[in-house]
>>> print(open('entry_19.tsv').read())   # TSV, C-alpha atoms
chain	number	residue	atom	x	y	z
A	24	MET	CA	0.00	0.00	0.00
A	25	LYS	CA	1.48	3.30	-1.00
A	26	PHE	CA	1.59	6.34	1.22
A	27	CYS	CA	-0.93	8.29	-0.83
A	28	ASP	CA	-3.47	5.43	-0.80
A	29	SER	CA	-3.45	4.99	2.94
A	30	PRO	CA	-6.96	5.35	4.47
A	31	PHE	CA	-5.27	6.27	7.73
A	32	LEU	CA	-4.34	9.65	6.31
A	33	LYS	CA	-7.64	10.54	4.70
A	34	PRO	CA	-8.92	12.84	7.49
A	35	ALA	CA	-6.03	15.20	6.97
A	36	TRP	CA	-7.04	15.68	3.37
A	37	ALA	CA	-5.41	19.06	2.90
A	38	VAL	CA	-2.02	17.74	3.94
A	39	LEU	CA	-2.59	14.58	1.96
A	40	VAL	CA	-3.29	16.43	-1.29
A	41	GLY	CA	-0.09	18.43	-0.86
A	42	ALA	CA	1.96	15.35	-0.12
A	43	CYS	CA	0.55	13.37	-3.01
A	44	LEU	CA	1.12	16.19	-5.45
A	45	TYR	CA	4.68	16.48	-4.19
A	46	GLY	CA	5.34	12.77	-4.49
A	47	GLY	CA	3.78	12.63	-7.91
A	48	LEU	CA	6.30	15.06	-9.36
A	49	ALA	CA	9.05	12.45	-9.28
A	50	SER	CA	7.39	9.07	-9.15
A	51	ALA	CA	4.41	7.52	-7.41
A	52	SER	CA	6.81	5.74	-5.05
A	53	THR	CA	9.67	8.23	-4.75
A	54	PHE	CA	9.97	10.42	-1.67
A	55	ARG	CA	12.39	13.05	-0.46
A	56	VAL	CA	14.09	12.14	2.81
A	57	ASP	CA	14.13	14.45	5.78
A	58	ASP	CA	17.79	15.14	6.55
A	59	SER	CA	17.31	17.62	9.38
A	60	GLY	CA	20.42	17.67	11.55
A	61	THR	CA	22.81	17.02	8.69
A	62	ILE	CA	25.93	19.12	9.15
A	63	VAL	CA	28.33	20.28	6.42
A	64	SER	CA	31.78	20.78	7.96
A	65	GLN	CA	32.60	23.94	5.97
A	66	GLY	CA	30.23	26.72	5.01
A	67	ILE	CA	32.25	27.48	1.90
A	68	VAL	CA	34.52	25.03	0.11
A	69	PRO	CA	37.42	26.67	-1.77
A	70	MET	CA	38.02	24.90	-5.06
A	71	ARG	CA	41.68	24.50	-5.98
A	72	TRP	CA	43.25	23.88	-9.37
A	73	LYS	CA	44.04	20.19	-9.64
A	74	GLN	CA	47.22	21.11	-11.49
A	75	LEU	CA	48.79	24.29	-10.22
A	76	VAL	CA	50.39	25.08	-13.54
A	77	PRO	CA	48.65	24.59	-16.85
A	78	GLY	CA	50.48	23.34	-19.89
A	79	ARG	CA	50.28	21.33	-23.03
A	80	GLY	CA	47.28	19.02	-22.70
A	81	ALA	CA	46.64	20.48	-19.29
A	82	ASP	CA	44.09	19.51	-16.74
A	83	HIS	CA	41.89	22.53	-16.04
A	84	SER	CA	39.76	21.00	-13.33
A	85	VAL	CA	39.32	22.42	-9.86
A	86	GLN	CA	38.70	20.24	-6.86
A	87	GLY	CA	37.51	20.65	-3.30
A	88	GLY	CA	36.62	18.42	-0.39
A	89	VAL	CA	34.22	18.60	2.50
A	90	ARG	CA	32.99	16.28	5.23
A	91	VAL	CA	29.25	15.87	5.71
A	92	ALA	CA	27.71	14.38	8.85
A	93	LEU	CA	24.45	12.94	7.59
A	94	ARG	CA	21.32	12.36	9.65
A	95	LEU	CA	18.58	10.79	7.56
A	96	ASN	CA	15.17	10.28	9.04
A	97	LEU	CA	13.93	6.93	7.80
A	98	ALA	CA	11.24	6.47	10.45
A	99	ARG	CA	8.58	6.51	7.81
A	100	TRP	CA	10.10	3.40	6.19
A	101	LEU	CA	11.18	1.60	9.37
A	102	HIS	CA	11.38	-2.18	8.85
A	103	GLN	CA	10.49	-1.74	5.19
A	104	PRO	CA	12.66	-2.48	2.14
A	105	VAL	CA	13.89	0.75	0.59
A	106	ARG	CA	16.21	1.96	-2.12
A	107	LEU	CA	17.96	5.14	-0.97
A	108	TYR	CA	19.51	7.50	-3.50
A	109	MET	CA	21.71	10.54	-3.15
A	110	ALA	CA	21.02	13.22	-5.73
A	111	LEU	CA	22.61	16.48	-6.79
A	112	ALA	CA	20.41	19.15	-8.32
A	113	PRO	CA	21.40	20.48	-11.77
A	114	ALA	CA	24.20	23.05	-11.61
A	115	ILE	CA	24.54	26.36	-13.36
A	116	GLY	CA	26.88	26.01	-16.33
A	117	GLU	CA	29.39	23.18	-16.43
A	118	PRO	CA	28.47	19.91	-14.69
A	119	ILE	CA	29.76	19.30	-11.19
A	120	GLN	CA	31.16	15.87	-10.37
A	121	ALA	CA	30.79	14.59	-6.84
A	122	SER	CA	32.35	11.47	-5.40
A	123	TRP	CA	32.35	10.27	-1.82
A	124	ARG	CA	33.69	7.79	0.65
A	125	THR	CA	31.63	6.53	3.56
A	126	GLN	CA	32.07	4.68	6.81
A	127	GLY	CA	30.11	1.70	5.53
A	128	ARG	CA	26.49	2.35	6.29
A	129	LEU	CA	25.99	3.88	2.86
A	130	MET	CA	27.75	2.89	-0.33
A	131	PRO	CA	30.54	5.06	-1.72
A	132	GLY	CA	29.96	6.38	-5.20
A	133	ALA	CA	30.01	9.23	-7.66
A	134	LEU	CA	27.49	11.31	-9.58
A	135	ARG	CA	27.14	14.36	-11.79
A	136	SER	CA	24.90	17.32	-11.12
A	137	GLY	CA	21.38	16.54	-12.25
A	138	GLY	CA	21.74	12.85	-11.41
A	139	ARG	CA	21.23	10.44	-8.54
A	140	VAL	CA	22.97	7.29	-7.37
A	141	LEU	CA	21.92	4.38	-5.20
A	142	VAL	CA	23.60	4.52	-1.79
A	143	PHE	CA	21.57	1.96	0.15
A	144	GLU	CA	19.31	-0.94	-0.67
A	145	GLY	CA	17.73	-3.08	1.98
A	146	VAL	CA	15.49	-2.92	4.99
A	147	ALA	CA	15.53	0.28	7.02
A	148	ASN	CA	16.40	-1.14	10.44
A	149	ALA	CA	16.73	2.17	12.25
A	150	ALA	CA	14.60	5.27	12.23
A	151	LEU	CA	17.68	7.49	12.07
A	152	LEU	CA	20.53	6.69	9.71
A	153	GLU	CA	23.76	8.46	10.59
A	154	GLU	CA	26.73	8.40	8.27
A	155	THR	CA	29.80	10.50	7.46
A	156	LEU	CA	30.55	11.35	3.86
A	157	ASP	CA	33.96	12.56	2.67
A	158	LEU	CA	32.78	14.40	-0.36
A	159	THR	CA	35.06	15.41	-3.23
A	160	LEU	CA	33.77	17.92	-5.76
A	161	SER	CA	35.29	18.77	-9.12
A	162	THR	CA	34.44	20.75	-12.22
A	163	ASP	CA	36.04	22.67	-15.07
A	164	GLY	CA	37.84	25.54	-13.35
A	165	ARG	CA	37.60	27.73	-16.44
A	166	ALA	CA	33.83	27.72	-16.19
A	167	LEU	CA	33.47	28.17	-12.43
A	168	THR	CA	33.73	31.94	-12.12
A	169	SER	CA	31.78	32.67	-9.00
A	170	GLN	CA	30.44	31.13	-5.84
A	171	GLN	CA	27.90	28.41	-6.47
A	172	SER	CA	25.62	26.54	-4.11
A	173	LEU	CA	25.17	22.83	-4.71
A	174	GLN	CA	21.96	21.26	-3.50
A	175	PHE	CA	22.28	17.63	-2.42
A	176	TYR	CA	19.29	15.61	-1.31
A	177	PHE	CA	18.16	12.03	-0.69
A	178	GLU	CA	15.27	10.10	-2.14
A	179	VAL	CA	13.70	6.82	-1.21
A	180	ASP	CA	12.12	4.51	-3.73
A	181	THR	CA	9.80	2.00	-2.23
A	182	PRO	CA	8.93	-1.22	-4.05
B	7	MET	CA	-1.05	26.89	10.38
B	8	LEU	CA	-0.82	23.11	10.29
B	9	LEU	CA	1.17	23.08	7.05
B	10	THR	CA	3.55	25.70	8.39
B	11	ALA	CA	4.11	23.77	11.58
B	12	LEU	CA	4.82	20.56	9.70
B	13	ALA	CA	7.30	22.20	7.37
B	14	ALA	CA	9.31	23.92	10.07
B	15	GLY	CA	11.13	20.82	11.36
B	16	VAL	CA	11.78	19.07	8.06
B	17	SER	CA	14.71	19.54	5.70
B	18	HIS	CA	15.03	17.94	2.32
B	19	GLY	CA	18.61	18.41	1.32
B	20	TYR	CA	21.88	20.00	2.32
B	21	VAL	CA	23.86	22.68	0.54
B	22	VAL	CA	27.58	22.81	-0.22
B	23	THR	CA	28.83	26.15	-1.46
B	24	ILE	CA	31.92	26.14	-3.67
B	25	THR	CA	34.13	28.99	-4.83
B	26	ALA	CA	36.06	29.56	-8.05
B	27	GLY	CA	39.74	28.63	-8.44
B	28	THR	CA	42.23	31.40	-7.72
B	29	ARG	CA	43.94	33.54	-10.37
B	30	SER	CA	47.67	33.02	-10.67
B	31	LEU	CA	50.55	34.34	-12.71
B	32	TYR	CA	54.16	33.24	-13.17
B	33	LEU	CA	57.01	34.65	-15.24
B	34	GLN	CA	60.55	33.33	-15.36
B	35	VAL	CA	63.32	35.14	-17.24
B	36	GLY	CA	66.58	33.24	-16.93
B	37	THR	CA	66.99	31.71	-13.50
B	38	GLY	CA	63.84	30.91	-11.53
B	39	THR	CA	62.82	29.15	-8.37
B	40	MET	CA	60.79	26.04	-7.93
B	41	SER	CA	60.45	23.64	-5.07
B	42	GLY	CA	59.21	20.08	-5.00
B	43	GLY	CA	60.16	19.07	-8.54
B	44	ASN	CA	58.99	20.29	-11.91
B	45	PHE	CA	55.78	22.27	-12.08
B	46	SER	CA	53.95	19.54	-13.96
B	47	SER	CA	54.69	17.08	-11.18
B	48	GLY	CA	53.48	19.32	-8.41
B	49	GLY	CA	56.39	21.72	-7.95
B	50	THR	CA	55.61	25.14	-6.59
B	51	PRO	CA	57.00	28.27	-8.25
B	52	GLY	CA	58.51	30.94	-6.04
B	53	ASN	CA	60.05	34.39	-6.21
B	54	LYS	CA	63.64	34.81	-7.35
B	55	GLY	CA	65.67	38.00	-7.12
B	56	THR	CA	68.38	37.02	-9.59
B	57	ILE	CA	68.88	39.35	-12.53
B	58	ASN	CA	70.76	37.50	-15.23
B	59	LYS	CA	73.22	39.19	-17.59
B	60	VAL	CA	73.74	38.92	-21.29
B	61	THR	CA	77.14	40.11	-22.43
B	62	VAL	CA	79.45	40.38	-25.39
B	63	THR	CA	83.03	41.58	-25.65
B	64	VAL	CA	84.04	43.24	-28.89
B	65	PRO	CA	87.79	43.37	-29.51
B	66	ALA	CA	89.07	46.69	-30.82
B	67	ALA	CA	89.91	45.13	-34.14
B	68	SER	CA	86.30	43.98	-34.58
B	69	LEU	CA	84.51	47.23	-33.77
B	70	GLY	CA	81.79	47.97	-36.31
B	71	SER	CA	82.39	44.74	-38.17
B	72	GLY	CA	78.90	43.32	-37.81
B	73	THR	CA	76.68	41.15	-35.62
B	74	ARG	CA	78.17	39.39	-32.63
B	75	ALA	CA	76.35	36.80	-30.54
B	76	MET	CA	75.96	37.51	-26.86
B	77	THR	CA	76.15	34.98	-24.03
B	78	THR	CA	74.33	34.73	-20.70
B	79	ASN	CA	75.20	33.77	-17.16
B	80	SER	CA	71.83	31.99	-16.89
B	81	THR	CA	72.32	28.26	-16.55
B	82	VAL	CA	68.73	27.27	-17.22
B	83	THR	CA	68.50	24.59	-19.90
B	84	ALA	CA	65.49	22.57	-18.77
B	85	SER	CA	61.91	23.73	-18.96
B	86	PRO	CA	60.71	24.24	-15.40
B	87	TYR	CA	57.35	22.99	-16.57
B	88	ASP	CA	58.37	19.40	-17.19
B	89	GLY	CA	62.17	19.22	-17.18
B	90	PHE	CA	62.38	18.98	-20.95
B	91	SER	CA	65.85	19.94	-22.24
B	92	PHE	CA	64.82	23.11	-24.01
B	93	CYS	CA	67.50	25.83	-24.07
B	94	THR	CA	71.23	25.89	-24.79
B	95	VAL	CA	73.54	27.82	-22.49
B	96	PRO	CA	75.38	30.11	-22.48
B	97	ALA	CA	73.80	31.07	-25.79
B	98	GLN	CA	70.12	31.28	-24.78
B	99	VAL	CA	68.01	32.77	-22.01
B	100	TYR	CA	64.91	30.90	-20.90
B	101	VAL	CA	61.70	32.97	-20.83
B	102	GLY	CA	58.47	31.27	-19.81
B	103	GLY	CA	55.46	31.31	-17.56
B	104	PHE	CA	51.73	30.99	-17.33
B	105	TYR	CA	48.53	32.81	-16.59
B	106	ARG	CA	45.73	30.88	-14.94
B	107	THR	CA	42.25	32.17	-14.29
B	108	PRO	CA	38.66	31.03	-14.18
B	109	GLY	CA	36.17	32.60	-16.52
B	110	THR	CA	36.58	34.13	-19.92
B	111	ALA	CA	38.95	36.97	-19.10
B	112	SER	CA	41.06	38.10	-22.02
B	113	THR	CA	44.71	37.27	-22.50
B	114	ALA	CA	47.66	38.39	-20.39
B	115	THR	CA	50.40	40.40	-22.07
B	116	LEU	CA	54.13	39.77	-22.03
B	117	SER	CA	56.10	42.94	-22.66
B	118	VAL	CA	59.63	44.22	-22.28
B	119	THR	CA	60.77	47.70	-21.32
B	120	SER	CA	64.22	48.87	-22.31
B	121	PRO	CA	66.03	52.17	-21.86
B	122	GLY	CA	67.11	54.22	-24.86
B	123	THR	CA	70.77	53.41	-24.43
B	124	LEU	CA	73.37	51.30	-22.75
B	125	THR	CA	75.70	53.59	-20.87
B	126	SER	CA	79.34	53.37	-19.81
B	127	SER	CA	80.81	54.83	-16.61
B	128	SER	CA	82.32	57.64	-18.66
B	129	GLY	CA	78.94	58.56	-20.09
B	130	ASN	CA	79.28	57.11	-23.55
B	131	THR	CA	76.26	55.33	-24.99
B	132	ILE	CA	75.15	52.60	-27.36
B	133	ALA	CA	71.57	52.58	-28.60
B	134	PHE	CA	69.55	49.76	-27.05
B	135	ASN	CA	67.94	49.05	-30.41
B	136	THR	CA	71.25	47.61	-31.57
B	137	ILE	CA	70.40	44.51	-29.57
B	138	SER	CA	68.09	41.91	-31.07
B	139	TRP	CA	67.11	38.34	-30.29
B	140	ILE	CA	66.37	35.15	-32.11
B	141	SER	CA	63.70	33.06	-30.48
B	142	GLY	CA	63.83	29.29	-30.43
B	143	GLY	CA	63.82	26.24	-28.23
B	144	SER	CA	64.48	22.58	-28.78
B	145	GLY	CA	61.60	20.96	-30.64
B	146	ASP	CA	59.70	24.20	-31.26
B	147	ALA	CA	59.06	24.51	-34.98
B	148	THR	CA	57.57	27.95	-34.48
B	149	PRO	CA	58.90	30.00	-31.57
B	150	THR	CA	56.28	31.10	-29.06
B	151	ILE	CA	57.84	34.51	-28.42
B	152	PRO	CA	58.63	36.05	-31.80
B	153	SER	CA	62.15	37.11	-32.66
B	154	GLY	CA	62.69	40.86	-32.54
B	155	THR	CA	64.75	43.91	-31.64
B	156	PHE	CA	64.53	46.08	-28.54
B	157	ALA	CA	62.65	49.27	-29.28
B	158	GLY	CA	64.83	51.23	-26.87
B	159	GLY	CA	63.32	53.88	-24.62
B	160	SER	CA	59.88	52.30	-24.55
B	161	THR	CA	57.80	49.27	-23.70
B	162	GLN	CA	57.01	46.81	-26.46
B	163	THR	CA	54.55	43.93	-26.50
B	164	LEU	CA	56.08	40.54	-27.16
B	165	LEU	CA	53.22	38.07	-26.75
B	166	SER	CA	49.58	37.69	-25.88
B	167	VAL	CA	49.36	34.83	-23.42
B	168	THR	CA	46.19	32.80	-23.64
B	169	ARG	CA	44.69	32.03	-20.27
B	170	ASN	CA	45.42	28.64	-18.76
B	171	THR	CA	48.38	27.94	-21.02
B	172	TRP	CA	52.08	27.65	-20.40
B	173	PHE	CA	54.39	29.57	-22.75
B	174	GLU	CA	58.16	29.38	-23.13
B	175	SER	CA	60.94	30.28	-25.52
B	176	CYS	CA	64.74	30.47	-25.52
B	177	LEU	CA	66.14	33.84	-26.60
B	178	GLN	CA	69.54	34.21	-28.24
B	179	PHE	CA	70.65	37.85	-28.06
B	180	ASN	CA	72.85	39.59	-30.61
B	181	TYR	CA	74.64	42.93	-30.72
B	182	ALA	CA	74.50	44.62	-34.12
B	183	ASN	CA	78.03	46.09	-33.75
B	184	THR	CA	77.70	48.57	-36.57
B	185	GLN	CA	79.44	51.55	-34.99
B	186	LEU	CA	82.74	52.57	-33.51
B	187	VAL	CA	82.39	53.27	-29.80
B	188	PRO	CA	84.87	54.33	-27.14
B	189	ALA	CA	86.34	51.64	-24.95
B	190	GLY	CA	84.33	50.79	-21.84
B	191	THR	CA	81.70	48.60	-20.28
B	192	PHE	CA	78.18	49.57	-21.36
B	193	ASN	CA	75.23	48.56	-19.20
B	194	GLY	CA	71.47	48.67	-19.60
B	195	ARG	CA	68.60	46.68	-18.14
B	196	ALA	CA	65.62	45.29	-19.99
B	197	THR	CA	62.67	44.41	-17.79
B	198	TYR	CA	60.13	41.73	-18.77
B	199	THR	CA	56.60	42.05	-17.45
B	200	LEU	CA	53.59	39.75	-17.59
B	201	THR	CA	50.41	41.76	-17.10
B	202	LEU	CA	46.97	40.46	-16.21
B	203	PRO	CA	43.89	42.09	-17.71
>>> encode(input="entry_19.tsv", output="structure tokens")
Amino acid sequence: MKFCDSPFLKPAWAVLVGACLYGGLASASTFRVDDSGTIVSQGIVPMRWKQLVPGRGADHSVQGGVRVALRLNLARWLHQPVRLYMALAPAIGEPIQASWRTQGRLMPGALRSGGRVLVFEGVANAALLEETLDLTLSTDGRALTSQQSLQFYFEVDTP
Amino acid sequence: MLLTALAAGVSHGYVVTITAGTRSLYLQVGTGTMSGGNFSSGGTPGNKGTINKVTVTVPAASLGSGTRAMTTNSTVTASPYDGFSFCTVPAQVYVGGFYRTPGTASTATLSVTSPGTLTSSSGNTIAFNTISWISGGSGDATPTIPSGTFAGGSTQTLLSVTRNTWFESCLQFNYANTQLVPAGTFNGRATYTLTLP
């Protein structure tokens, strides 16, 4: 039974309509995850040229790293099988590449802005999933001319 | 009120703010400084106060007899970029560098400023525009910095440096030696400048 079909929620019809419309934008069974309490270790991440000096056939990418202490609220899917994805909203201009290492509760991986990648598949055994990501970001340094905010978020697909 | 209350405690995403790469500029004329290996392998360029010399001695019997090659006290033969054996010493002076910047800013400019004359201690002079250079470098079919002659008494543009590229050439200087001049040591300093837009 999907969230939007649940008779339990019918009395709160105003909230329900909003929630179902929201869920329907992505997929009937895709939901954004509440990550309240997630902490990004640096407010601003300075991007540094991967190669200090350019040259023939040079690498023009810039790279930066940041640690993210994740707190994902999975209470809604407790004891249910879920597929959890990390996503990065589309960036302005050149694509941003993100890769990350984890401490094992989520899978390490990589993605480009505008995409999402599976980071967990299985039964949600705890209401709160805590994990630390060592996130590495890179893009074409010639195109990154000003400060840019990257919006990461998590989605759950339920079977 | 209910919707507002529900939304207040829920967050759907975190934000990482990134900044652009820094602008940087490097120019090496003759001897330079690097630490930690060649630049391409992670070496870091530094400041160097050395001012190299280019000299020629003209015997009295050869005064006014035509072009004479000058030699330098610079010992730089390898490209600081990747260690490639690029220049020949004491014949050539290494000139190279880079300009790195994000965005679409226009090119940097390499120029040289020279005085009107070289001057001896007794006040005699030789026009600076009697000194020219031939640009080259091992393996370079077309020299990056064009060959030329000092304008003397002014600043002249040598090269437009495209952003995010390394440039380098080896300059062989020559004295025209077309006039009879009094005996003495004649000095003058040419200053190379790389200017960001």
>>> closest_atom_pairs(input="entry_19.tsv", of="chain A", to="chain B", cutoff="6 Å", atoms="all atoms listed in the file", output="tab-separated table")
residue	atom	partner	partner_atom	distance
A:Val56	CA	B:His18	CA	5.9
A:Asp57	CA	B:His18	CA	5.0
A:Asp58	CA	B:Ser17	CA	5.4
A:Ser59	CA	B:Ser17	CA	4.9
A:Ile67	CA	B:Thr23	CA	5.0
A:Val68	CA	B:Ile24	CA	4.7
A:Pro69	CA	B:Thr25	CA	5.1
A:Met70	CA	B:Gly27	CA	5.3
A:Arg71	CA	B:Gly27	CA	5.2
A:Trp72	CA	B:Gly27	CA	6.0
A:Pro77	CA	B:Thr171	CA	5.4
A:Gly78	CA	B:Trp172	CA	4.6
A:Gly164	CA	B:Pro108	CA	5.6
A:Arg165	CA	B:Pro108	CA	4.1
A:Ala166	CA	B:Gly109	CA	5.4
A:Leu167	CA	B:Ala26	CA	5.3
A:Thr168	CA	B:Gly109	CA	5.1
A:Ser169	CA	B:Ala26	CA	5.4
A:Gln170	CA	B:Thr25	CA	4.4
A:Gln171	CA	B:Ile24	CA	5.4
A:Ser172	CA	B:Thr23	CA	4.2
A:Leu173	CA	B:Val22	CA	5.1
A:Gln174	CA	B:Val21	CA	4.7
A:Phe175	CA	B:Gly19	CA	5.3
A:Tyr176	CA	B:Gly19	CA	3.9
>>> atom_distance(input="entry_19.tsv", atom1="CA of Ser52 (chain A)", atom2="CA of Thr181 (chain A)")
5.6 Å
>>> atom_distance(input="entry_19.tsv", atom1="CA of Thr201 (chain B)", atom2="CA of Leu116 (chain B)")
6.5 Å
>>> residues_around(input="entry_19.tsv", residues="Val179 (chain A)", least_positions_apart="5", cutoff="7 Å", atoms="only C-alpha atoms", output="PDB file with C-alpha atoms, in the frame of the given file")
ATOM      1  CA  THR A  53       9.670   8.230  -4.750  1.00  0.00           C
ATOM      2  CA  PHE A  54       9.970  10.420  -1.670  1.00  0.00           C
ATOM      3  CA  ARG A  55      12.390  13.050  -0.460  1.00  0.00           C
ATOM      4  CA  VAL A  56      14.090  12.140   2.810  1.00  0.00           C
ATOM      5  CA  VAL A 105      13.890   0.750   0.590  1.00  0.00           C
ATOM      6  CA  ARG A 106      16.210   1.960  -2.120  1.00  0.00           C
ATOM      7  CA  LEU A 107      17.960   5.140  -0.970  1.00  0.00           C
ATOM      8  CA  TYR A 108      19.510   7.500  -3.500  1.00  0.00           C
TER       9      TYR A 108
END
>>> atom_distance(input="entry_19.tsv", atom1="CA of Thr119 (chain B)", atom2="CA of Phe156 (chain B)")
8.3 Å
>>> residues_around(input="entry_19.tsv", residues="Ala157 (chain B)", least_positions_apart="4", cutoff="12 Å", atoms="all atoms listed in the file", output="MDAnalysis selection string")
chainID B and resid 117:123 133:139 161:164 196
>>> closest_residue(input="entry_19.tsv", among="A:Leu156, A:Gly87, A:Ala150, A:Leu141", to="Gly127 (chain A)", atoms="all atoms listed in the file")
A:Leu156
>>> closest_residue(input="entry_19.tsv", among="B:Val64, B:Ile140, B:Ala84, B:Ala75", to="Gly190 (chain B)", atoms="all atoms listed in the file")
B:Val64
>>> residues_around(input="entry_19.tsv", residues="Arg94 (chain A)", least_positions_apart="6", cutoff="9 Å", atoms="all atoms listed in the file", output="PyMOL selection string")
chain A and resi 57-62+151-155
>>> residues_around(input="entry_19.tsv", residues="Leu160 (chain A)", least_positions_apart="4", cutoff="7 Å", atoms="all atoms listed in the file", output="list in words")
Gln86, Gly87, Gly88, Ile119, Gln120, Ala121 and Ser122 of chain A
>>> closest_residue(input="entry_19.tsv", among="A:Val63, A:Ala98, A:Leu93, A:Ala114", to="Gln126 (chain A)", atoms="all atoms listed in the file")
A:Leu93
>>> closest_residue(input="entry_19.tsv", among="B:Ser91, B:Thr191, B:Thr113, B:Thr63", to="Thr131 (chain B)", atoms="all atoms listed in the file")
B:Thr191
>>> residues_around(input="entry_19.tsv", residues="Thr184 (chain B)", least_positions_apart="6", cutoff="9 Å", atoms="all atoms listed in the file", output="JSON, numbers by chain")
{"B": [69, 70, 71, 72, 73, 136]}
